>>> print(open('final.csv').read())   # CSV, C-alpha atoms
chain,number,residue,atom,x,y,z
A,1,MET,CA,-60.6,28.7,17.5
A,2,ASP,CA,-62.1,31.5,15.5
A,3,ASN,CA,-59.6,32.0,12.7
A,4,SER,CA,-61.2,35.5,12.0
A,5,LEU,CA,-59.7,36.8,15.2
A,6,PRO,CA,-56.8,39.1,14.8
A,7,LEU,CA,-53.5,37.4,15.4
A,8,ALA,CA,-52.9,39.2,18.7
A,9,ASN,CA,-56.2,37.9,20.1
A,10,GLU,CA,-55.4,34.4,19.0
A,11,LEU,CA,-52.1,34.5,20.9
A,12,ALA,CA,-53.8,35.9,24.0
A,13,LYS,CA,-56.3,33.1,23.9
A,14,LEU,CA,-53.6,30.5,23.6
A,15,THR,CA,-51.6,31.8,26.6
A,16,GLY,CA,-54.8,32.1,28.6
A,17,GLN,CA,-55.8,28.5,27.8
A,18,ALA,CA,-52.3,27.4,28.7
A,19,ALA,CA,-52.4,29.1,32.1
A,20,ASP,CA,-55.9,27.8,32.9
A,21,GLY,CA,-54.9,24.3,31.7
A,22,PHE,CA,-51.9,23.5,33.8
A,23,LEU,CA,-50.6,26.3,36.0
A,24,THR,CA,-52.5,24.7,38.9
A,25,GLU,CA,-51.5,21.1,38.2
A,26,GLU,CA,-49.4,19.5,40.8
A,27,ASN,CA,-47.0,17.5,38.7
A,28,ALA,CA,-45.4,17.1,35.3
A,29,SER,CA,-47.6,14.1,34.3
A,30,LYS,CA,-50.8,16.1,34.8
A,31,ALA,CA,-49.3,19.1,33.2
A,32,VAL,CA,-48.4,17.4,29.9
A,33,GLN,CA,-51.9,15.8,29.7
A,34,SER,CA,-53.5,19.2,30.2
A,35,LEU,CA,-51.2,20.7,27.6
A,36,ALA,CA,-52.2,18.0,25.0
A,37,TYR,CA,-55.9,19.1,25.1
A,38,VAL,CA,-55.0,22.8,25.0
A,39,LEU,CA,-52.8,22.1,22.0
A,40,ARG,CA,-55.4,20.2,20.1
A,41,ASP,CA,-58.0,22.9,20.6
A,42,SER,CA,-55.6,25.7,19.7
A,43,ILE,CA,-54.1,24.5,16.4
A,44,PRO,CA,-56.6,24.7,13.4
A,45,ASN,CA,-57.3,21.3,11.8
A,46,ALA,CA,-55.6,19.3,14.6
A,47,ALA,CA,-57.6,16.1,15.3
A,48,GLY,CA,-55.2,15.0,18.1
A,49,ALA,CA,-52.3,16.3,20.0
A,50,GLY,CA,-49.6,15.2,22.5
A,51,ALA,CA,-46.9,16.7,24.7
A,52,SER,CA,-43.8,14.9,26.0
A,53,ILE,CA,-41.1,15.6,28.5
A,54,ILE,CA,-37.8,14.1,27.1
A,55,ASN,CA,-34.6,13.5,29.1
A,56,ALA,CA,-31.0,14.1,28.0
A,57,ARG,CA,-30.8,10.6,26.5
A,58,GLY,CA,-33.8,11.3,24.2
A,59,ARG,CA,-36.1,9.1,26.2
A,60,ARG,CA,-39.6,10.1,27.2
A,61,GLU,CA,-40.2,10.8,30.9
A,62,SER,CA,-43.8,11.9,30.9
A,63,ALA,CA,-46.3,12.1,28.1
A,64,GLY,CA,-49.9,13.4,27.5
A,65,ALA,CA,-52.1,12.5,24.6
A,66,THR,CA,-55.7,13.3,23.6
A,67,ASP,CA,-56.4,9.8,22.2
A,68,PRO,CA,-55.0,6.3,21.7
A,69,VAL,CA,-53.9,7.1,18.1
A,70,VAL,CA,-51.7,9.9,19.2
A,71,LEU,CA,-50.3,7.9,22.1
A,72,ARG,CA,-49.5,5.0,19.8
A,73,ALA,CA,-47.8,7.1,17.1
A,74,ASP,CA,-45.8,8.9,19.8
A,75,LYS,CA,-44.8,5.7,21.6
A,76,LEU,CA,-43.5,4.2,18.3
A,77,GLN,CA,-41.1,7.2,17.9
A,78,TYR,CA,-39.3,6.3,21.2
A,79,GLU,CA,-39.3,2.6,20.5
A,80,LEU,CA,-37.8,3.1,17.0
A,81,GLY,CA,-35.6,6.0,17.9
A,82,GLN,CA,-36.9,8.2,15.1
A,83,GLY,CA,-39.7,10.5,14.1
A,84,PRO,CA,-40.8,14.1,13.8
A,85,CYS,CA,-41.0,14.8,17.6
A,86,LEU,CA,-37.5,13.4,18.3
A,87,SER,CA,-36.1,15.4,15.4
A,88,ALA,CA,-37.9,18.6,16.6
A,89,TRP,CA,-36.4,18.0,20.0
A,90,ALA,CA,-32.9,17.2,18.7
A,91,GLU,CA,-32.7,19.9,16.0
A,92,GLN,CA,-34.6,22.6,18.0
A,93,ARG,CA,-37.0,23.6,15.2
A,94,ALA,CA,-40.5,22.9,14.1
A,95,ILE,CA,-41.1,19.9,11.9
A,96,ILE,CA,-44.0,19.4,9.4
A,97,ILE,CA,-45.0,16.3,7.7
A,98,GLN,CA,-47.5,17.1,4.9
A,99,ASP,CA,-48.3,13.5,4.2
A,100,THR,CA,-47.0,10.5,6.0
A,101,ARG,CA,-47.5,8.3,3.0
A,102,GLN,CA,-45.1,10.5,1.0
A,103,GLU,CA,-42.6,11.2,3.8
A,104,THR,CA,-39.1,9.7,3.5
A,105,ARG,CA,-37.2,11.2,6.5
A,106,TRP,CA,-38.2,8.5,9.1
A,107,PRO,CA,-38.9,5.3,7.1
A,108,LYS,CA,-39.2,3.0,10.1
A,109,TRP,CA,-41.7,5.3,11.9
A,110,THR,CA,-43.8,6.0,8.8
A,111,ALA,CA,-44.0,2.3,8.0
A,112,ALA,CA,-45.0,1.5,11.6
A,113,ILE,CA,-47.9,4.1,11.7
A,114,ALA,CA,-49.1,3.2,8.2
A,115,GLU,CA,-52.3,1.6,9.5
A,116,LEU,CA,-53.1,4.5,11.8
A,117,PRO,CA,-55.5,7.3,10.7
A,118,LEU,CA,-52.7,9.8,10.7
A,119,ARG,CA,-51.5,11.8,7.6
A,120,SER,CA,-50.3,15.2,8.7
A,121,VAL,CA,-48.0,16.0,11.6
A,122,LEU,CA,-46.6,19.1,13.2
A,123,SER,CA,-44.1,19.0,16.0
A,124,ALA,CA,-42.2,21.8,17.9
A,125,PRO,CA,-39.5,21.6,20.6
A,126,LEU,CA,-40.1,22.7,24.2
A,127,THR,CA,-37.0,24.7,25.4
A,128,THR,CA,-36.5,27.0,28.3
A,129,GLU,CA,-33.3,28.7,29.4
A,130,GLY,CA,-31.3,26.6,27.0
A,131,ARG,CA,-32.7,23.3,28.4
A,132,ARG,CA,-34.4,20.9,26.0
A,133,ILE,CA,-37.6,20.0,27.9
A,134,GLY,CA,-39.4,18.0,25.3
A,135,ALA,CA,-41.7,18.4,22.3
A,136,LEU,CA,-45.3,19.2,21.3
A,137,LYS,CA,-47.1,17.5,18.4
A,138,VAL,CA,-50.4,17.7,16.6
A,139,TYR,CA,-51.8,15.2,14.1
A,140,SER,CA,-54.5,15.0,11.5
A,141,PRO,CA,-56.0,12.1,9.5
A,142,SER,CA,-56.0,14.4,6.4
A,143,PRO,CA,-52.9,15.4,4.4
A,144,LEU,CA,-51.7,19.0,3.8
A,145,VAL,CA,-53.5,20.6,6.7
A,146,PHE,CA,-50.7,22.4,8.6
A,147,ASP,CA,-48.9,25.5,7.3
A,148,ASP,CA,-46.7,28.4,8.4
A,149,HIS,CA,-49.5,29.8,10.5
A,150,SER,CA,-49.8,26.5,12.3
A,151,VAL,CA,-46.0,26.6,13.0
A,152,PHE,CA,-46.4,30.2,14.3
A,153,LEU,CA,-49.1,29.1,16.8
A,154,ILE,CA,-47.4,26.0,18.1
A,155,GLU,CA,-44.1,27.8,18.6
A,156,ARG,CA,-45.8,30.6,20.5
A,157,LEU,CA,-47.5,28.1,22.7
A,158,ALA,CA,-44.3,26.1,23.2
A,159,GLY,CA,-42.6,29.1,24.9
A,160,PRO,CA,-44.8,29.4,28.0
A,161,ALA,CA,-45.5,25.7,28.0
A,162,ALA,CA,-41.7,24.9,28.3
A,163,VAL,CA,-41.4,27.2,31.3
A,164,LEU,CA,-44.3,25.7,33.1
A,165,LEU,CA,-43.4,22.1,32.3
A,166,GLY,CA,-39.8,22.8,33.2
A,167,SER,CA,-40.9,24.1,36.6
A,168,ALA,CA,-43.2,21.1,37.1
A,169,ARG,CA,-40.3,18.7,36.2
A,170,ASP,CA,-37.9,20.5,38.5
A,171,ARG,CA,-40.4,20.5,41.4
A,172,GLU,CA,-40.9,16.7,40.9
A,173,ALA,CA,-37.1,16.2,40.7
A,174,THR,CA,-36.7,18.1,44.0
A,175,GLN,CA,-39.3,16.0,45.7
A,176,ARG,CA,-37.8,12.8,44.5
A,177,LEU,CA,-34.3,14.0,45.6
A,178,GLY,CA,-35.7,14.8,49.0
A,179,SER,CA,-37.3,11.4,49.4
A,180,GLN,CA,-34.1,9.7,48.2
A,181,LEU,CA,-32.0,11.8,50.7
A,182,ALA,CA,-34.4,10.9,53.5
A,183,GLU,CA,-34.2,7.2,52.7
A,184,ALA,CA,-30.4,7.4,52.4
A,185,LEU,CA,-30.1,9.1,55.8
A,186,ALA,CA,-32.5,6.5,57.4
A,187,ASN,CA,-30.4,3.7,55.9
A,188,ARG,CA,-27.2,5.3,57.2
A,189,ASP,CA,-28.6,5.6,60.7
A,190,ALA,CA,-29.8,2.0,60.7
A,191,ILE,CA,-26.3,0.8,59.6
A,192,SER,CA,-24.6,2.9,62.3
A,193,GLN,CA,-27.0,1.6,64.9
A,194,ALA,CA,-26.4,-2.0,63.8
A,195,GLN,CA,-22.6,-1.4,63.9
A,196,GLY,CA,-23.0,-0.2,67.5
A,197,VAL,CA,-24.9,-3.3,68.5
A,198,LEU,CA,-22.3,-5.6,67.0
A,199,ILE,CA,-19.4,-3.6,68.5
A,200,GLU,CA,-20.9,-4.1,71.9
A,201,ARG,CA,-22.1,-7.6,71.4
A,202,MET,CA,-19.0,-9.0,69.6
A,203,HIS,CA,-16.3,-6.7,71.0
A,204,VAL,CA,-15.1,-5.8,67.5
A,205,SER,CA,-14.1,-2.6,65.7
A,206,SER,CA,-16.5,-0.5,63.6
A,207,ARG,CA,-14.9,-1.8,60.4
A,208,GLU,CA,-15.1,-5.4,61.6
A,209,ALA,CA,-18.8,-4.9,62.5
A,210,LEU,CA,-19.4,-3.6,59.0
A,211,ASP,CA,-17.6,-6.6,57.5
A,212,VAL,CA,-19.9,-8.9,59.5
A,213,MET,CA,-23.0,-7.2,58.1
A,214,LEU,CA,-21.6,-7.2,54.5
A,215,ALA,CA,-20.9,-11.0,54.8
A,216,GLU,CA,-24.5,-11.5,56.0
A,217,SER,CA,-25.8,-9.4,53.2
A,218,ARG,CA,-24.0,-11.5,50.6
A,219,LYS,CA,-24.9,-14.7,52.2
A,220,GLU,CA,-28.6,-13.9,52.5
A,221,GLY,CA,-28.9,-11.9,49.3
A,222,LYS,CA,-30.3,-9.0,51.2
A,223,PRO,CA,-29.5,-5.2,51.0
A,224,LEU,CA,-27.1,-4.1,53.7
A,225,GLN,CA,-29.7,-1.7,55.2
A,226,GLU,CA,-32.1,-4.7,55.5
A,227,VAL,CA,-29.5,-6.7,57.4
A,228,ALA,CA,-28.8,-3.7,59.6
A,229,ARG,CA,-32.5,-3.2,60.4
A,230,GLY,CA,-32.8,-6.9,61.3
A,231,ILE,CA,-29.9,-6.6,63.8
A,232,VAL,CA,-31.4,-3.4,65.4
A,233,ASN,CA,-35.0,-4.9,65.5
A,234,GLY,CA,-33.6,-8.1,67.0
A,235,LEU,CA,-32.1,-6.1,69.8
A,236,ALA,CA,-35.3,-4.3,70.4
A,237,ASP,CA,-37.3,-7.6,70.4
A,238,GLY,CA,-34.9,-9.1,72.9
>>> encode(input="final.csv", output="structure tokens")
Amino acid sequence: MDNSLPLANELAKLTGQAADGFLTEENASKAVQSLAYVLRDSIPNAAGAGASIINARGRRESAGATDPVVLRADKLQYELGQGPCLSAWAEQRAIIIQDTRQETRWPKWTAAIAELPLRSVLSAPLTTEGRRIGALKVYSPSPLVFDDHSVFLIERLAGPAAVLLGSARDREATQRLGSQLAEALANRDAISQAQGVLIERMHVSSREALDVMLAESRKEGKPLQEVARGIVNGLADG
């Protein structure tokens, strides 16, 4: 980025890159990967960047990273349960580490990344409509490279990024729910059909037919819906 550009032009370039980078992406995983590259190219002195979608339990759902160093440093945060990105997400504010070798707030994490070429860190939360979506982060192998202007830029990018990533996550969640619902309905239909077969074959009640299938499920160690499909398919084969 040309740092001689007026601030307004810098922000316009950031939002334009963000839109070009992941508005057309089809899912949250691709979106966070695209965002990582936009982020690295947008924040002065950033050598690497990452973006993560984090769930309500503080666990990462999707992550994008520009290189293995970023991915490793980010992964260690979730394994250890501490680090600047988790703090940015939990405290809802930007976090700067001027030098990881001097940092004392996350001792386990800084010890774990000591051998990585990583000295400066900047992280900011992704929040939209009161929902904590995740966090952005940029890294540098040199100390003391991020400042208030870096914070300003990453926070301005975090706003539209959170909206887009939130939409991508919601879309994926809706698709998963639809698939789960379709599977549940299919299983229910199979169980109902199997009950009907047993009622007619064994002259038992609906409850007794279900008990027969449950007993078979326990005996064979199979899911109930698999037992039901076997009964229905057996009738069809006959």
>>> closest_residue(input="final.csv", among="A:Arg188, A:Arg93, A:Lys137, A:Arg40", to="Gln77 in chain A", atoms="only C-alpha atoms")
A:Lys137
>>> residues_near_point(input="final.csv", point="(-54.9, 13.0, 19.2)", cutoff="9 Å", atoms="only C-alpha atoms", output="PDB file with C-alpha atoms, in the coordinates of the input")
ATOM      1  CA  ALA A  36     -52.200  18.000  25.000  1.00  0.00           C
ATOM      2  CA  TYR A  37     -55.900  19.100  25.100  1.00  0.00           C
ATOM      3  CA  ARG A  40     -55.400  20.200  20.100  1.00  0.00           C
ATOM      4  CA  ALA A  46     -55.600  19.300  14.600  1.00  0.00           C
ATOM      5  CA  ALA A  47     -57.600  16.100  15.300  1.00  0.00           C
ATOM      6  CA  GLY A  48     -55.200  15.000  18.100  1.00  0.00           C
ATOM      7  CA  ALA A  49     -52.300  16.300  20.000  1.00  0.00           C
ATOM      8  CA  GLY A  50     -49.600  15.200  22.500  1.00  0.00           C
ATOM      9  CA  ALA A  65     -52.100  12.500  24.600  1.00  0.00           C
ATOM     10  CA  THR A  66     -55.700  13.300  23.600  1.00  0.00           C
ATOM     11  CA  ASP A  67     -56.400   9.800  22.200  1.00  0.00           C
ATOM     12  CA  PRO A  68     -55.000   6.300  21.700  1.00  0.00           C
ATOM     13  CA  VAL A  69     -53.900   7.100  18.100  1.00  0.00           C
ATOM     14  CA  VAL A  70     -51.700   9.900  19.200  1.00  0.00           C
ATOM     15  CA  LEU A  71     -50.300   7.900  22.100  1.00  0.00           C
ATOM     16  CA  VAL A 138     -50.400  17.700  16.600  1.00  0.00           C
ATOM     17  CA  TYR A 139     -51.800  15.200  14.100  1.00  0.00           C
ATOM     18  CA  SER A 140     -54.500  15.000  11.500  1.00  0.00           C
TER      19      SER A 140
END
>>> closest_residue(input="final.csv", among="A:Leu118, A:Ala63, A:Val145, A:Ala194", to="Gly234 in chain A", atoms="all atoms listed in the file")
A:Ala194
>>> closest_residue(input="final.csv", among="A:Trp89, A:Val232, A:Lys222, A:Ser123", to="Gln195 in chain A", atoms="only C-alpha atoms")
A:Val232
>>> atom_distance(input="final.csv", atom1="CA of Asp148 in chain A", atom2="CA of Glu115 in chain A")
27.4 Å
>>> atom_distance(input="final.csv", atom1="CA of Met213 in chain A", atom2="CA of Glu226 in chain A")
9.8 Å
>>> atom_distance(input="final.csv", atom1="CA of Ala158 in chain A", atom2="CA of Trp106 in chain A")
23.4 Å
